[in-house]
Every structure is written in C-alpha cells, then in structure tokens.
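Trainee: Below is one structure. I have some questions about it.
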Amino acid sequence: MRKLGGATLMTLFAGVLFLIVWAGLGGESEGPNVLETARRVGEGTNALRKGAGVAPLRTDPKLQAAAMTYARLMVVEKKVGHGVDRRKPQERVRAAGYEDCMVAENVAYKWSEDGHSTAGLARELLEGWRKSPQDLRVMLHPEAVDTGVAIAHSDDLSHYYAVQLVARHLPCVDPAPG
C-alpha cells in the first residue's frame with residue numbers, strides 16, 4: 001500500500017469536503033439551490049424597481065422567516081394561495097415579529113418534470129410575477145422598503161412554492177430630517 005503525503009491528504013480531504021458542502025447546498029444535480037434562487041428573485045425585483053424609479057428593497061430576516069414558514073406550509077398542504085393558512089399576510093409577518101404598517105405578498109407554484117436550474121427557477125418566478133398586473137404592483141409598491149423571499153420544494157424536487165413579501169415597518173411616516 002502506498003503512503004500519501006500530508007499535502008496530498010489535505011488536498012483530497014478538501015476536495016471531498018467541497019463536494020459534501022456543495023451537495024448539501026443544493027448543487028444543480030439536486031435541483032435548484034432555493035436560497036440562491038430567493039436571492040436572485042430579490043435582485044431581479046430590485047432591478048425592476050430601479051427601472052421603474054422606485055427605491056430598492058432591503059432583505060429583512062423577519063420577513064424571510066415569515067415567507068419561509070408560509071412556503072413550507074404550502075408544500076405540506078400541496079396548495080398555493082394567499083390564504084392557505086386562513087390568515088392574512090399581515091398576520092403572518094406580525095407572528096414573525098415584524099411590526100408593519102403595510103405588507104403585500106406574491107405567491108407562486110412552479111412544477112417541472114425535467115427539473116429546474118437555480119437561474120431558470122428565479123427567471124420563471126420573476127417573469128410570472130412581472131406579467132401579472134397585480135403581482136407587478138406588489139413588486140413595485142412604492143411604500144415598501146423591506147422584503148423577504150423564500151422558496152420551498154416538495155420531497156421529489158419537482159414542485160416549488162415561492163413567497164415574496166414586501167413591507168414597510170413602523171413607524172409609517174419617515175422621520176423628519178434632523
């Protein structure tokens with residue numbers, strides 16, 4: 001049996017570790033990386049807002065949590081809609097600890113027999129919402145300053161449920177310049 005040098009073992013170990021981490025983060029062979037897809041949806045929304053002359057949105061962790069909780073619920077219930085849990089978006093964001101004076105929500109469902117790529121799923125979600133006048137109004141809501149986007153998938157990785165929240169936190173009026 002041949003001995004491997006320390007540097008060779010470290011290189012081998014680093015390569016194996018990279019593959020484990022990459023697979024765990026949702027490499028394309030496992031379907032789209034839902035965290036990266038959500039990030040791309042946020043970036044795409046801000047690009048649309050910039051083109052429309054509307055200020056960009058900041059990602060808020062409480063809105064992210066509310067969006068993920070609701071996306072996962074839609075997976076479990078195998079339903080898509082604004083009232084799957086019989087609550088309003090305001091109730092969901094407040095339950096997550098976000099004190100809002102306005103909140104709006106987009107939801108979507110994507111299915112593919114052949115699977116999705118990260119970029120492809122983000123593009124499909126953005127295009128679907130952009131083409132819907134109601135959903136586009138949510139994306140471009142001029143009072144919104146924060147966002148949370150989440151995507152959850154079914155066990156077989158063929159069904160994806162997405163939630164986009166846009167909101168404005170309390171206080172509702174911008175403080176006077178001081």
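Letters A, B, ... go to the chains of the structure tokens in the order shown; residues in each chain start at 1; ligands are counted from 1 in the same order.
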Please list as number ranges by chain every residue within 12 Å of Val54 of chain A, counting only C-alpha atoms and excluding residues in the same chain fewer than 6 positions away.

Mentor: A: 45-48, 137, 139-145

Trainee: Those same residues, written as a compact mmCIF listing (two decimals), in the first residue's frame with C-alpha atoms?

Mentor:
# COMPACT_ATOMS: atom_id res chain seq x y z
CA THR A 45 -37.13 42.65 -8.07
CA ASN A 46 -34.72 45.47 -7.22
CA ALA A 47 -33.67 45.71 -10.88
CA LEU A 48 -37.35 46.09 -11.85
CA ARG A 137 -47.85 46.16 -8.31
CA MET A 139 -43.06 44.14 -6.59
CA LEU A 140 -43.10 47.86 -7.36
CA HIS A 141 -45.07 49.00 -4.28
CA PRO A 142 -43.67 52.50 -3.66
CA GLU A 143 -44.20 52.39 0.12
CA ALA A 144 -42.33 49.10 0.61
CA VAL A 145 -38.79 49.26 1.99

Trainee: Skip segment 62-66 of chain A itself and residues of its chain fewer than 4 positions away, then list as a PyMOL selection string all residues within 8 Å of it, counting only C-alpha atoms.

Mentor: chain A and resi 70+92-93+95-98+146-150+165

Trainee: Among segment 83-153 of chain A, which ones does DSSP place in helix (DSSP H, G or I), written as a PyMOL selection string?

Mentor: chain A and resi 89-95+118-131+133-139

Trainee: Under the rule that only C-alpha atoms are counted, which of A:Glu127, A:Ala52, A:Asn33, A:His159 is the nearest residue to Lys110 of chain A?

Mentor: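 Under the stated criterion, the closest residue is A:His159.
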
Trainee: Give me the residues near Val76 of chain A as a PDB file with N, CA and C atoms, in the first residue's frame, where near means some atom within 12 Å (using only C-alpha atoms) and where sequence neighbours in that chain fewer than 2 positions away do not count.

Mentor:
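Result written to selection02.pdb:
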ATOM      1  N   THR A  69     -41.758  30.147   6.350  1.00  0.00           N
ATOM      2  CA  THR A  69     -42.779  29.391   7.076  1.00  0.00           C
ATOM      3  C   THR A  69     -43.999  29.161   6.197  1.00  0.00           C
ATOM      4  N   TYR A  70     -44.399  30.194   5.470  1.00  0.00           N
ATOM      5  CA  TYR A  70     -45.581  30.069   4.627  1.00  0.00           C
ATOM      6  C   TYR A  70     -45.307  29.190   3.395  1.00  0.00           C
ATOM      7  N   ALA A  71     -44.121  29.329   2.798  1.00  0.00           N
ATOM      8  CA  ALA A  71     -43.772  28.485   1.645  1.00  0.00           C
ATOM      9  C   ALA A  71     -43.757  27.010   2.051  1.00  0.00           C
ATOM     10  N   ARG A  72     -43.210  26.721   3.215  1.00  0.00           N
ATOM     11  CA  ARG A  72     -43.184  25.329   3.691  1.00  0.00           C
ATOM     12  C   ARG A  72     -44.591  24.816   3.974  1.00  0.00           C
ATOM     13  N   LEU A  73     -45.450  25.675   4.488  1.00  0.00           N
ATOM     14  CA  LEU A  73     -46.840  25.274   4.736  1.00  0.00           C
ATOM     15  C   LEU A  73     -47.533  24.914   3.416  1.00  0.00           C
ATOM     16  N   MET A  74     -47.299  25.714   2.378  1.00  0.00           N
ATOM     17  CA  MET A  74     -47.905  25.412   1.083  1.00  0.00           C
ATOM     18  C   MET A  74     -47.423  24.060   0.558  1.00  0.00           C
ATOM     19  N   LYS A  78     -49.910  21.188  -0.044  1.00  0.00           N
ATOM     20  CA  LYS A  78     -49.988  20.994  -1.500  1.00  0.00           C
ATOM     21  C   LYS A  78     -51.007  21.951  -2.125  1.00  0.00           C
ATOM     22  N   LYS A  79     -50.966  23.198  -1.638  1.00  0.00           N
ATOM     23  CA  LYS A  79     -51.846  24.263  -2.132  1.00  0.00           C
ATOM     24  C   LYS A  79     -51.029  25.535  -2.274  1.00  0.00           C
ATOM     25  N   VAL A  80     -51.444  26.361  -3.204  1.00  0.00           N
ATOM     26  CA  VAL A  80     -50.821  27.668  -3.351  1.00  0.00           C
ATOM     27  C   VAL A  80     -51.919  28.721  -3.295  1.00  0.00           C
ATOM     28  N   VAL A  84     -53.860  29.987   2.459  1.00  0.00           N
ATOM     29  CA  VAL A  84     -53.784  28.556   2.728  1.00  0.00           C
ATOM     30  C   VAL A  84     -53.925  28.294   4.231  1.00  0.00           C
ATOM     31  N   ASP A  85     -53.376  29.181   5.037  1.00  0.00           N
ATOM     32  CA  ASP A  85     -53.461  29.038   6.495  1.00  0.00           C
ATOM     33  C   ASP A  85     -54.626  29.825   7.112  1.00  0.00           C
ATOM     34  N   ALA A 152     -39.697  26.931  -1.183  1.00  0.00           N
ATOM     35  CA  ALA A 152     -39.653  25.599  -0.574  1.00  0.00           C
ATOM     36  C   ALA A 152     -40.023  24.588  -1.644  1.00  0.00           C
ATOM     37  N   HIS A 153     -39.501  23.378  -1.514  1.00  0.00           N
ATOM     38  CA  HIS A 153     -39.764  22.370  -2.534  1.00  0.00           C
ATOM     39  C   HIS A 153     -40.313  21.090  -1.920  1.00  0.00           C
ATOM     40  N   SER A 154     -41.007  20.338  -2.764  1.00  0.00           N
ATOM     41  CA  SER A 154     -41.527  19.037  -2.361  1.00  0.00           C
ATOM     42  C   SER A 154     -40.365  18.055  -2.248  1.00  0.00           C
ATOM     43  N   ASP A 155     -40.623  16.930  -1.637  1.00  0.00           N
ATOM     44  CA  ASP A 155     -39.573  15.924  -1.440  1.00  0.00           C
ATOM     45  C   ASP A 155     -38.954  15.433  -2.739  1.00  0.00           C
ATOM     46  N   HIS A 159     -41.702  20.123  -7.391  1.00  0.00           N
ATOM     47  CA  HIS A 159     -42.712  21.140  -7.071  1.00  0.00           C
ATOM     48  C   HIS A 159     -42.080  22.214  -6.183  1.00  0.00           C
ATOM     49  N   TYR A 160     -42.186  23.464  -6.612  1.00  0.00           N
ATOM     50  CA  TYR A 160     -41.597  24.594  -5.887  1.00  0.00           C
ATOM     51  C   TYR A 160     -42.680  25.610  -5.561  1.00  0.00           C
ATOM     52  N   TYR A 161     -42.696  26.054  -4.317  1.00  0.00           N
ATOM     53  CA  TYR A 161     -43.654  27.044  -3.829  1.00  0.00           C
ATOM     54  C   TYR A 161     -42.858  28.264  -3.387  1.00  0.00           C
TER      55      TYR A 161
END

Trainee: What gap, in Å, lies between atom CA of Lys88 of chain A and atom CA of Val34 of chain A?

Mentor: 24.2 Å

Trainee: What's around Gly128 of chain A at 12 Å? Count only C-alpha atoms, leave out sequence neighbours fewer than 4 positions away in its own chain, and write the answer as a list in words.

Mentor: Val41, Asn106, Val107, Ala108, Tyr109, Lys110, Leu121, Ala122, Arg123, Glu124, Ser132, Pro133, Gln134, Asp135, Leu136, Met139 and Ala162 of chain A

Trainee: When you draw a straight line from atom CA of Cys172 of chain A to atom CA of His82 of chain A, how long is it in Å?

Mentor: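 Separation of atom CA of Cys172 of chain A and atom CA of His82 of chain A: 23.8 Å.
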
Trainee: Choose the residue, out of A:Gly42, A:Gly120, A:Gly31, A:Pro171, that has the smallest atom-to-atom separation from Arg58 of chain A; count only C-alpha atoms.

Mentor: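 Using only C-alpha atoms, the shortest distance to Arg58 of chain A belongs to A:Gly42.
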
Trainee: Could you pull out the residues in segment 141-172 of chain A that DSSP calls strand (DSSP E) from the backbone, as number ranges by chain?

Mentor: A: 146-153, 159-169
